[in-house]
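Trainee: Dropping in data31.json, with JSON, C-alpha atoms.
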```
[["chain", "number", "residue", "atom", "x", "y", "z"],
["A", 97, "MET", "CA", 5.94, -15.68, 8.14],
["A", 98, "ALA", "CA", 4.74, -12.49, 6.46],
["A", 99, "ALA", "CA", 6.33, -10.86, 3.45],
["A", 100, "LEU", "CA", 8.05, -7.66, 4.57],
["A", 101, "LEU", "CA", 6.92, -4.67, 2.52],
["A", 102, "LYS", "CA", 10.14, -2.73, 2.90],
["A", 103, "GLY", "CA", 10.16, 0.91, 1.95],
["A", 104, "ALA", "CA", 13.71, 1.02, 0.58],
["A", 105, "PRO", "CA", 12.96, -0.46, -2.90],
["A", 106, "VAL", "CA", 9.97, 1.87, -3.29],
["A", 107, "ALA", "CA", 11.96, 4.91, -2.25],
["A", 108, "LYS", "CA", 14.88, 3.91, -4.50],
["A", 109, "ALA", "CA", 12.64, 3.80, -7.57],
["A", 110, "ILE", "CA", 11.12, 7.21, -6.78],
["A", 111, "THR", "CA", 14.53, 8.72, -6.02],
["A", 112, "ALA", "CA", 16.02, 7.58, -9.33],
["A", 113, "GLU", "CA", 13.30, 9.42, -11.21],
["A", 114, "LEU", "CA", 13.72, 12.56, -9.09],
["A", 115, "VAL", "CA", 17.49, 12.73, -9.59],
["A", 116, "GLU", "CA", 16.97, 13.22, -13.32],
["A", 117, "ARG", "CA", 14.37, 15.93, -12.74],
["A", 118, "ALA", "CA", 16.65, 17.71, -10.27],
["A", 119, "ARG", "CA", 19.47, 17.68, -12.83],
["A", 120, "LYS", "CA", 17.20, 19.26, -15.40],
["A", 121, "LEU", "CA", 16.29, 22.01, -12.94],
["A", 122, "GLU", "CA", 19.95, 22.56, -12.17],
["A", 123, "SER", "CA", 20.65, 22.99, -15.89],
["A", 124, "LEU", "CA", 18.12, 25.83, -15.80],
["A", 125, "GLY", "CA", 19.94, 27.46, -12.89],
["A", 126, "VAL", "CA", 17.42, 26.32, -10.27],
["A", 127, "VAL", "CA", 18.36, 24.46, -7.10],
["A", 128, "PRO", "CA", 15.21, 22.84, -5.65],
["A", 129, "THR", "CA", 15.10, 23.89, -2.01],
["A", 130, "LEU", "CA", 13.16, 22.69, 1.02],
["A", 131, "ALA", "CA", 12.68, 24.63, 4.24],
["A", 132, "ILE", "CA", 12.34, 22.45, 7.34],
["A", 133, "VAL", "CA", 10.67, 24.12, 10.31],
["A", 134, "ARG", "CA", 10.95, 22.15, 13.54],
["A", 135, "VAL", "CA", 9.71, 23.24, 16.95],
["A", 136, "GLY", "CA", 11.28, 21.36, 19.84],
["A", 137, "GLU", "CA", 13.06, 18.01, 19.69],
["A", 138, "ARG", "CA", 10.47, 15.24, 19.57],
["A", 139, "GLU", "CA", 12.22, 11.97, 18.81],
["A", 140, "ASP", "CA", 9.86, 11.09, 15.94],
["A", 141, "ASP", "CA", 10.44, 14.52, 14.37],
["A", 142, "LEU", "CA", 14.20, 14.09, 14.67],
["A", 143, "SER", "CA", 14.01, 10.66, 13.06],
["A", 144, "TYR", "CA", 11.95, 11.97, 10.14],
["A", 145, "GLU", "CA", 14.23, 14.97, 9.74],
["A", 146, "ARG", "CA", 17.31, 12.78, 9.49],
["A", 147, "GLY", "CA", 15.63, 10.68, 6.83],
["A", 148, "ALA", "CA", 14.43, 13.74, 4.92],
["A", 149, "LEU", "CA", 17.89, 15.30, 4.89],
["A", 150, "LYS", "CA", 19.46, 12.11, 3.56],
["A", 151, "ARG", "CA", 16.79, 11.71, 0.89],
["A", 152, "CYS", "CA", 17.09, 15.31, -0.27],
["A", 153, "GLU", "CA", 20.86, 14.98, -0.49],
["A", 154, "LYS", "CA", 20.48, 11.90, -2.72],
["A", 155, "VAL", "CA", 18.04, 13.70, -5.00],
["A", 156, "GLY", "CA", 19.89, 17.00, -5.22],
["A", 157, "ILE", "CA", 17.58, 19.12, -3.07],
["A", 158, "SER", "CA", 19.02, 21.82, -0.83],
["A", 159, "CYS", "CA", 17.62, 21.99, 2.72],
["A", 160, "ARG", "CA", 17.42, 24.93, 5.07],
["A", 161, "ARG", "CA", 16.54, 24.16, 8.65],
["A", 162, "TYR", "CA", 14.71, 26.52, 10.97],
["A", 163, "LEU", "CA", 15.11, 24.97, 14.42],
["A", 164, "LEU", "CA", 13.01, 26.61, 17.12],
["A", 165, "PRO", "CA", 12.75, 25.90, 20.86],
["A", 166, "ALA", "CA", 9.68, 24.08, 22.19],
["A", 167, "ASP", "CA", 8.55, 27.28, 23.95],
["A", 168, "VAL", "CA", 8.81, 29.48, 20.85],
["A", 169, "SER", "CA", 6.17, 32.19, 20.66],
["A", 170, "GLN", "CA", 3.39, 32.22, 18.09],
["A", 171, "GLU", "CA", 4.75, 35.50, 16.74],
["A", 172, "GLU", "CA", 8.24, 34.11, 16.19],
["A", 173, "LEU", "CA", 6.97, 31.01, 14.44],
["A", 174, "LEU", "CA", 4.78, 33.11, 12.15],
["A", 175, "ARG", "CA", 7.78, 35.35, 11.44],
["A", 176, "VAL", "CA", 9.75, 32.29, 10.27],
["A", 177, "VAL", "CA", 6.86, 31.17, 8.06],
["A", 178, "ALA", "CA", 6.70, 34.65, 6.53],
["A", 179, "GLU", "CA", 10.44, 34.53, 5.86],
["A", 180, "VAL", "CA", 10.01, 31.22, 4.04],
["A", 181, "ASN", "CA", 7.08, 32.59, 2.04],
["A", 182, "GLU", "CA", 9.03, 35.64, 0.91],
["A", 183, "ASP", "CA", 12.16, 33.77, -0.19],
["A", 184, "PRO", "CA", 11.78, 32.88, -3.90],
["A", 185, "SER", "CA", 14.66, 30.42, -3.71],
["A", 186, "ILE", "CA", 12.66, 28.21, -1.31],
["A", 187, "HIS", "CA", 10.20, 26.01, -3.19],
["A", 188, "GLY", "CA", 8.72, 23.84, -0.44],
["A", 189, "CYS", "CA", 8.22, 24.00, 3.31],
["A", 190, "LEU", "CA", 7.81, 21.18, 5.81],
["A", 191, "ILE", "CA", 6.51, 22.17, 9.25],
["A", 192, "PHE", "CA", 6.61, 19.32, 11.75],
["A", 193, "ARG", "CA", 3.33, 18.53, 13.44],
["A", 194, "PRO", "CA", 1.82, 18.34, 15.95],
["A", 195, "LEU", "CA", 3.04, 21.66, 17.27],
["A", 196, "PRO", "CA", 3.31, 22.24, 21.03],
["A", 197, "ALA", "CA", -0.05, 22.87, 22.69],
["A", 198, "HIS", "CA", 0.52, 26.59, 23.23],
["A", 199, "LEU", "CA", 0.79, 27.22, 19.48],
["A", 200, "LYS", "CA", -2.23, 27.64, 17.20],
["A", 201, "GLU", "CA", -1.61, 25.26, 14.33],
["A", 202, "ASP", "CA", -4.50, 26.65, 12.28],
["A", 203, "MET", "CA", -2.89, 30.10, 12.28],
["A", 204, "VAL", "CA", 0.41, 28.63, 11.10],
["A", 205, "ALA", "CA", -1.33, 26.66, 8.34],
["A", 206, "ALA", "CA", -3.20, 29.77, 7.20],
["A", 207, "ALA", "CA", 0.06, 31.73, 7.05],
["A", 208, "LEU", "CA", 1.92, 29.28, 4.81],
["A", 209, "LEU", "CA", 1.65, 29.86, 1.06],
["A", 210, "PRO", "CA", -0.21, 26.90, -0.51],
["A", 211, "LYS", "CA", 2.30, 26.71, -3.36],
["A", 212, "LYS", "CA", 5.05, 25.98, -0.82],
["A", 213, "ASP", "CA", 2.96, 23.57, 1.23],
["A", 214, "VAL", "CA", 4.51, 20.22, 0.28],
["A", 215, "ASP", "CA", 2.89, 18.20, 3.09],
["A", 216, "SER", "CA", -0.78, 19.23, 2.87],
["A", 217, "MET", "CA", -0.93, 21.54, 5.88],
["A", 218, "THR", "CA", -2.97, 24.33, 4.27],
["A", 219, "SER", "CA", -6.70, 24.28, 3.60],
["A", 220, "ALA", "CA", -6.07, 24.46, -0.15],
["A", 221, "SER", "CA", -3.97, 21.29, -0.16],
["A", 222, "LEU", "CA", -6.42, 19.45, 2.08],
["A", 223, "LEU", "CA", -9.32, 20.41, -0.20],
["A", 224, "SER", "CA", -7.43, 18.99, -3.16],
["A", 225, "THR", "CA", -6.71, 15.73, -1.33],
["A", 226, "LEU", "CA", -10.16, 15.21, 0.18],
["A", 227, "SER", "CA", -12.25, 16.33, -2.78],
["A", 228, "GLY", "CA", -10.03, 16.01, -5.82],
["A", 229, "LEU", "CA", -10.68, 19.67, -6.61],
["A", 230, "GLY", "CA", -7.99, 22.29, -7.10],
["A", 231, "ALA", "CA", -4.23, 22.07, -6.95],
["A", 232, "GLY", "CA", -2.16, 20.95, -4.00],
["A", 233, "TYR", "CA", -0.06, 18.17, -2.56],
["A", 234, "ALA", "CA", -1.36, 15.22, -0.56],
["A", 235, "PRO", "CA", 0.17, 14.52, 2.85],
["A", 236, "CYS", "CA", 3.47, 12.77, 2.21],
["A", 237, "THR", "CA", 2.75, 9.85, 4.52],
["A", 238, "ALA", "CA", -0.70, 9.23, 3.05],
["A", 239, "GLU", "CA", 0.75, 9.22, -0.47],
["A", 240, "ALA", "CA", 3.54, 6.91, 0.70],
["A", 241, "VAL", "CA", 0.94, 4.34, 1.79],
["A", 242, "LEU", "CA", -0.46, 4.25, -1.75],
["A", 243, "ALA", "CA", 3.04, 4.11, -3.24],
["A", 244, "ILE", "CA", 3.91, 1.02, -1.19],
["A", 245, "LEU", "CA", 0.66, -0.75, -2.06],
["A", 246, "ASP", "CA", 1.21, 0.00, -5.75],
["A", 247, "HIS", "CA", 4.86, -1.07, -5.74],
["A", 248, "TYR", "CA", 4.05, -4.45, -4.22],
["A", 249, "GLY", "CA", 1.04, -5.04, -6.44],
["A", 250, "ILE", "CA", -1.67, -4.93, -3.78],
["A", 251, "ASP", "CA", -4.94, -4.64, -5.69],
["A", 252, "LEU", "CA", -7.17, -1.93, -4.20],
["A", 253, "ASP", "CA", -10.07, -2.09, -6.65],
["A", 254, "GLY", "CA", -12.99, -3.37, -4.57],
["A", 255, "ALA", "CA", -10.74, -4.29, -1.64],
["A", 256, "ASN", "CA", -12.04, -3.97, 1.91],
["A", 257, "VAL", "CA", -9.67, -1.52, 3.61],
["A", 258, "VAL", "CA", -9.77, -0.43, 7.25],
["A", 259, "VAL", "CA", -8.00, 2.80, 8.21],
["A", 260, "VAL", "CA", -7.37, 3.11, 11.94],
["A", 261, "GLY", "CA", -7.07, 6.85, 12.55],
["A", 262, "ARG", "CA", -9.03, 9.93, 11.50],
["A", 263, "SER", "CA", -6.53, 12.78, 11.65],
["A", 264, "LEU", "CA", -6.21, 15.33, 8.87],
["A", 265, "VAL", "CA", -2.52, 14.45, 8.70],
["A", 266, "ILE", "CA", -2.97, 10.78, 7.74],
["A", 267, "GLY", "CA", -6.29, 9.08, 8.51],
["A", 268, "LYS", "CA", -8.80, 11.14, 6.57],
["A", 269, "PRO", "CA", -6.50, 11.90, 3.60],
["A", 270, "VAL", "CA", -5.45, 8.28, 3.09],
["A", 271, "ALA", "CA", -9.08, 7.15, 3.35],
["A", 272, "SER", "CA", -10.06, 9.63, 0.60],
["A", 273, "MET", "CA", -7.16, 8.54, -1.59],
["A", 274, "LEU", "CA", -8.11, 4.89, -1.15],
["A", 275, "LEU", "CA", -11.73, 5.66, -2.03],
["A", 276, "ALA", "CA", -10.49, 7.35, -5.20],
["A", 277, "ARG", "CA", -8.83, 4.03, -6.07],
["A", 278, "ASN", "CA", -12.19, 2.20, -5.70],
["A", 279, "ALA", "CA", -11.41, 0.56, -2.36],
["A", 280, "THR", "CA", -14.25, 0.07, 0.12],
["A", 281, "VAL", "CA", -13.00, 2.01, 3.12],
["A", 282, "THR", "CA", -13.95, 1.84, 6.80],
["A", 283, "THR", "CA", -12.46, 4.51, 9.07],
["A", 284, "CYS", "CA", -11.97, 3.50, 12.69],
["A", 285, "HIS", "CA", -10.77, 5.40, 15.77],
["A", 286, "THR", "CA", -10.44, 5.15, 19.52],
["A", 287, "HIS", "CA", -14.22, 5.09, 19.99],
["A", 288, "THR", "CA", -14.81, 2.28, 17.49],
["A", 289, "ARG", "CA", -16.57, -0.65, 19.13],
["A", 290, "ASP", "CA", -14.88, -4.04, 18.68],
["A", 291, "LEU", "CA", -11.96, -2.46, 16.81],
["A", 292, "ALA", "CA", -10.08, -5.74, 16.57],
["A", 293, "ASP", "CA", -13.10, -7.47, 15.03],
["A", 294, "VAL", "CA", -13.53, -4.73, 12.42],
["A", 295, "CYS", "CA", -9.85, -4.94, 11.50],
["A", 296, "ARG", "CA", -9.93, -8.74, 11.15],
["A", 297, "ARG", "CA", -12.53, -8.46, 8.38],
["A", 298, "ALA", "CA", -10.35, -6.24, 6.20],
["A", 299, "ASP", "CA", -8.18, -7.21, 3.25],
["A", 300, "VAL", "CA", -5.86, -4.30, 4.01],
["A", 301, "VAL", "CA", -5.37, -2.49, 7.32],
["A", 302, "VAL", "CA", -3.71, 0.94, 7.49],
["A", 303, "ALA", "CA", -2.69, 1.58, 11.10],
["A", 304, "ALA", "CA", -2.46, 5.31, 11.75],
["A", 305, "ALA", "CA", -3.76, 5.60, 15.31],
["A", 306, "GLY", "CA", -0.74, 7.45, 16.67],
["A", 307, "HIS", "CA", -0.30, 5.10, 19.62],
["A", 308, "ALA", "CA", 2.31, 2.38, 19.98],
["A", 309, "ARG", "CA", 1.18, -1.21, 19.42],
["A", 310, "THR", "CA", -2.53, -0.34, 19.13],
["A", 311, "LEU", "CA", -3.18, -3.43, 17.00],
["A", 312, "GLY", "CA", -2.14, -6.87, 18.20],
["A", 313, "ALA", "CA", -2.67, -10.48, 17.21],
["A", 314, "ASP", "CA", -6.41, -10.30, 17.93],
["A", 315, "ALA", "CA", -6.86, -7.64, 15.22],
["A", 316, "VAL", "CA", -5.44, -9.62, 12.28],
["A", 317, "ARG", "CA", -5.84, -12.85, 10.34],
["A", 318, "PRO", "CA", -4.07, -14.76, 7.55],
["A", 319, "GLY", "CA", -4.42, -13.24, 4.10],
["A", 320, "GLN", "CA", -4.17, -9.62, 5.20],
["A", 321, "THR", "CA", -1.82, -6.82, 4.24],
["A", 322, "ILE", "CA", -0.89, -4.50, 7.12],
["A", 323, "ILE", "CA", 0.51, -1.02, 6.50],
["A", 324, "ASP", "CA", 1.91, 0.42, 9.74],
["A", 325, "VAL", "CA", 2.16, 4.20, 9.57],
["A", 326, "GLY", "CA", 3.05, 4.68, 13.23],
["A", 327, "ILE", "CA", 6.38, 6.01, 14.46],
["A", 328, "ASN", "CA", 6.45, 5.98, 18.26],
["A", 329, "TRP", "CA", 9.35, 6.18, 20.66],
["A", 330, "ASP", "CA", 9.33, 3.33, 23.16],
["A", 331, "ALA", "CA", 11.26, 4.78, 26.08],
["A", 332, "GLN", "CA", 11.49, 1.44, 27.87],
["A", 333, "ALA", "CA", 12.80, -0.46, 24.86],
["A", 334, "LYS", "CA", 14.69, 2.62, 23.64],
["A", 335, "LYS", "CA", 13.63, 2.18, 20.04],
["A", 336, "LEU", "CA", 11.04, 3.30, 17.49],
["A", 337, "VAL", "CA", 7.96, 1.11, 17.22],
["A", 338, "GLY", "CA", 4.82, 1.20, 15.11],
["A", 339, "ASP", "CA", 1.11, 1.32, 15.82],
["A", 340, "VAL", "CA", 1.11, -2.45, 15.23],
["A", 341, "ASP", "CA", 2.64, -4.99, 17.59],
["A", 342, "PHE", "CA", 4.97, -6.31, 14.92],
["A", 343, "GLU", "CA", 6.23, -9.36, 16.81],
["A", 344, "ALA", "CA", 2.66, -10.53, 17.47],
["A", 345, "VAL", "CA", 1.25, -9.73, 14.03],
["A", 346, "GLU", "CA", 4.03, -10.71, 11.63],
["A", 347, "PRO", "CA", 3.64, -14.51, 12.01],
["A", 348, "LEU", "CA", -0.10, -14.30, 11.23],
["A", 349, "VAL", "CA", -0.59, -12.02, 8.21],
["A", 350, "ASP", "CA", 0.48, -12.28, 4.59],
["A", 351, "ALA", "CA", 2.36, -8.98, 4.37],
["A", 352, "VAL", "CA", 3.35, -6.16, 6.72],
["A", 353, "THR", "CA", 5.51, -3.05, 6.69],
["A", 354, "PRO", "CA", 8.31, -2.93, 9.27],
["A", 355, "VAL", "CA", 8.96, 0.03, 11.60],
["A", 356, "PRO", "CA", 11.42, 1.49, 11.01],
["A", 357, "GLY", "CA", 12.15, 0.70, 7.37],
["A", 358, "GLY", "CA", 8.65, 0.80, 5.96],
["A", 359, "VAL", "CA", 6.40, 3.78, 5.31],
["A", 360, "GLY", "CA", 8.89, 6.28, 6.72],
["A", 361, "ALA", "CA", 11.48, 5.65, 4.02],
["A", 362, "VAL", "CA", 8.90, 6.20, 1.30],
["A", 363, "THR", "CA", 7.48, 9.30, 3.00],
["A", 364, "THR", "CA", 10.76, 11.13, 2.58],
["A", 365, "ALA", "CA", 10.86, 10.16, -1.10],
["A", 366, "ILE", "CA", 7.34, 11.56, -1.58],
["A", 367, "LEU", "CA", 8.40, 14.73, 0.22],
["A", 368, "ALA", "CA", 11.31, 15.07, -2.21],
["A", 369, "ARG", "CA", 8.93, 14.49, -5.13],
["A", 370, "HIS", "CA", 6.69, 17.31, -3.94],
["A", 371, "VAL", "CA", 9.65, 19.69, -3.62],
["A", 372, "ILE", "CA", 10.76, 18.87, -7.17],
["A", 373, "CYS", "CA", 7.20, 19.41, -8.42],
["A", 374, "ALA", "CA", 7.03, 22.77, -6.62],
["A", 375, "ALA", "CA", 10.35, 23.85, -8.11],
["A", 376, "GLU", "CA", 9.21, 22.83, -11.59],
["A", 377, "GLU", "CA", 5.97, 24.74, -11.11],
["A", 378, "ALA", "CA", 7.92, 27.82, -10.00],
["A", 379, "CYS", "CA", 10.03, 27.61, -13.16],
["A", 380, "GLU", "CA", 6.95, 27.30, -15.33],
["A", 381, "HIS", "CA", 5.36, 30.27, -13.56],
["A", 382, "VAL", "CA", 8.45, 32.42, -14.21],
["A", 383, "ALA", "CA", 8.43, 31.34, -17.86],
["A", 384, "ARG", "CA", 4.75, 32.24, -18.22],
["A", 385, "THR", "CA", 5.26, 35.69, -16.70],
["A", 386, "MET", "CA", 8.10, 36.39, -19.13],
["A", 387, "GLN", "CA", 6.04, 35.57, -22.23]]
```
Taking this structure as input, can you express it in the form of structure tokens?
Mentor:
Amino acid sequence: MAALLKGAPVAKAITAELVERARKLESLGVVPTLAIVRVGEREDDLSYERGALKRCEKVGISCRRYLLPADVSQEELLRVVAEVNEDPSIHGCLIFRPLPAHLKEDMVAAALLPKKDVDSMTSASLLSTLSGLGAGYAPCTAEAVLAILDHYGIDLDGANVVVVGRSLVIGKPVASMLLARNATVTTCHTHTRDLADVCRRADVVVAAAGHARTLGADAVRPGQTIIDVGINWDAQAKKLVGDVDFEAVEPLVDAVTPVPGGVGAVTTAILARHVICAAEEACEHVARTMQ
């Protein structure tokens, strides 16, 4: 039976630190504030939103929700982004992705101010994450993967890590962050030949394919650590499931994150951390301009 790498203890430790920082901001007359922009009502978005709201409440972060219909126009969405940009009391902005197909996500990303981009949607934040150059915030989920591995003492130096997924939201950023920690990283995707065989060779597998139960018993072996990033709605089972077939994998590996209760819980804590950092940076900027 595998050790469960639960997200709650990791998130609790991060939250405790953030509460103190939020109190300090409050003493300066600043309420750290997050804008949440959601288009439509995807079940995975709703689940993340609920978790984010609870986490922000625990930390002392105010949330403003901008809830738009799935058929919202490009112009209206850009108007909302501009409103967020222009409001100095809003320090961070989370825009749920992927957006509906009729919307141009690149235009939305270009419109958002990098200093308010707390989930690495803008080019500036992605550059910082992928190259280590410039300022910006890493994608919250990618950073949560590293936070879990660190909390549970999983040694990455020289480790063979397979990342299943190559999106700019998770796959590529987490691969870059793992490389920066001296892991030997292989990035796989839907066109990878013998995917299960490649995964079996790894010390650590990060499953971020975006498809329910992509990895089964044939893709794992004893001794491995499995980080399941996936959050998928199983309509038949009427529950959230990961990119890993948990029931098949859990008896075989050494450690695995559950879904729900794994990466998602830590992701909201990282989001809160980024909002606090953005609020602190805004305070420092105001102080510098007044000198």
Trainee: Between A:Arg369, A:Lys212, A:Arg151, A:Lys102, which is the closest to Arg117 of chain A once you count only C-alpha atoms?
Mentor: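 Checking each candidate against Arg117 of chain A, we get A:Arg369 as the closest.
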Trainee: Measure the distance from atom CA of Thr283 of chain A to atom CA of Val257 of chain A in Å and round it to one decimal.
Mentor: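 Between these atoms lies a distance of 8.6 Å.
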Trainee: Could you produce a table of the residues of segment 270-382 of chain A lying within 8 Å of segment 154-176 of chain A, with the nearest pair of atoms per residue and their separation in Å rounded to one decimal, using only C-alpha atoms, ordered by chain and increasing residue number, as a Markdown table?
Mentor:
```
| residue | atom | partner | partner_atom | distance |
| --- | --- | --- | --- | --- |
| A:Ala368 | CA | A:Val155 | CA | 7.4 |
| A:Val371 | CA | A:Ile157 | CA | 8.0 |
| A:Ile372 | CA | A:Ile157 | CA | 8.0 |
```
Trainee: State, in Å with one decimal place, the distance from atom CA of Leu121 of chain A to atom CA of Cys379 of chain A.
Mentor: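 A separation of 8.4 Å between them.
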Trainee: Write out, as JSON lines, each residue of segment 208-242 of chain A that has an atom at most 12 Å from segment 297-304 of chain A, together with the closest pair of atoms and their distance in Å to one decimal, counting all atoms listed in the file, rows going by chain and rising number.
Mentor:
```
{"residue": "A:Thr237", "atom": "CA", "partner": "A:Ala304", "partner_atom": "CA", "distance": 10.0}
{"residue": "A:Ala238", "atom": "CA", "partner": "A:Ala304", "partner_atom": "CA", "distance": 9.7}
{"residue": "A:Ala240", "atom": "CA", "partner": "A:Val302", "partner_atom": "CA", "distance": 11.6}
{"residue": "A:Val241", "atom": "CA", "partner": "A:Val302", "partner_atom": "CA", "distance": 8.1}
{"residue": "A:Leu242", "atom": "CA", "partner": "A:Val302", "partner_atom": "CA", "distance": 10.3}
```
Trainee: Where does segment 254-299 of chain A meet segment 185-198 of chain A within 12 Å, residue by residue, with the nearest atom pair and distance in Å to one decimal for each, counting all atoms listed in the file, listed by chain and rising number, as a tab-separated table?
Mentor:
```
residue	atom	partner	partner_atom	distance
A:Ser263	CA	A:Pro194	CA	10.9
A:Leu264	CA	A:Arg193	CA	11.1
A:Val265	CA	A:Arg193	CA	8.6
A:Ile266	CA	A:Arg193	CA	11.5
```
Trainee: Considering only C-alpha atoms, can you say which of A:Ser272, A:Ala255, A:Leu124, A:Gly358 comes closest to Leu223 of chain A?
Mentor: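 Among the listed residues, the smallest separation from Leu223 of chain A belongs to A:Ser272.
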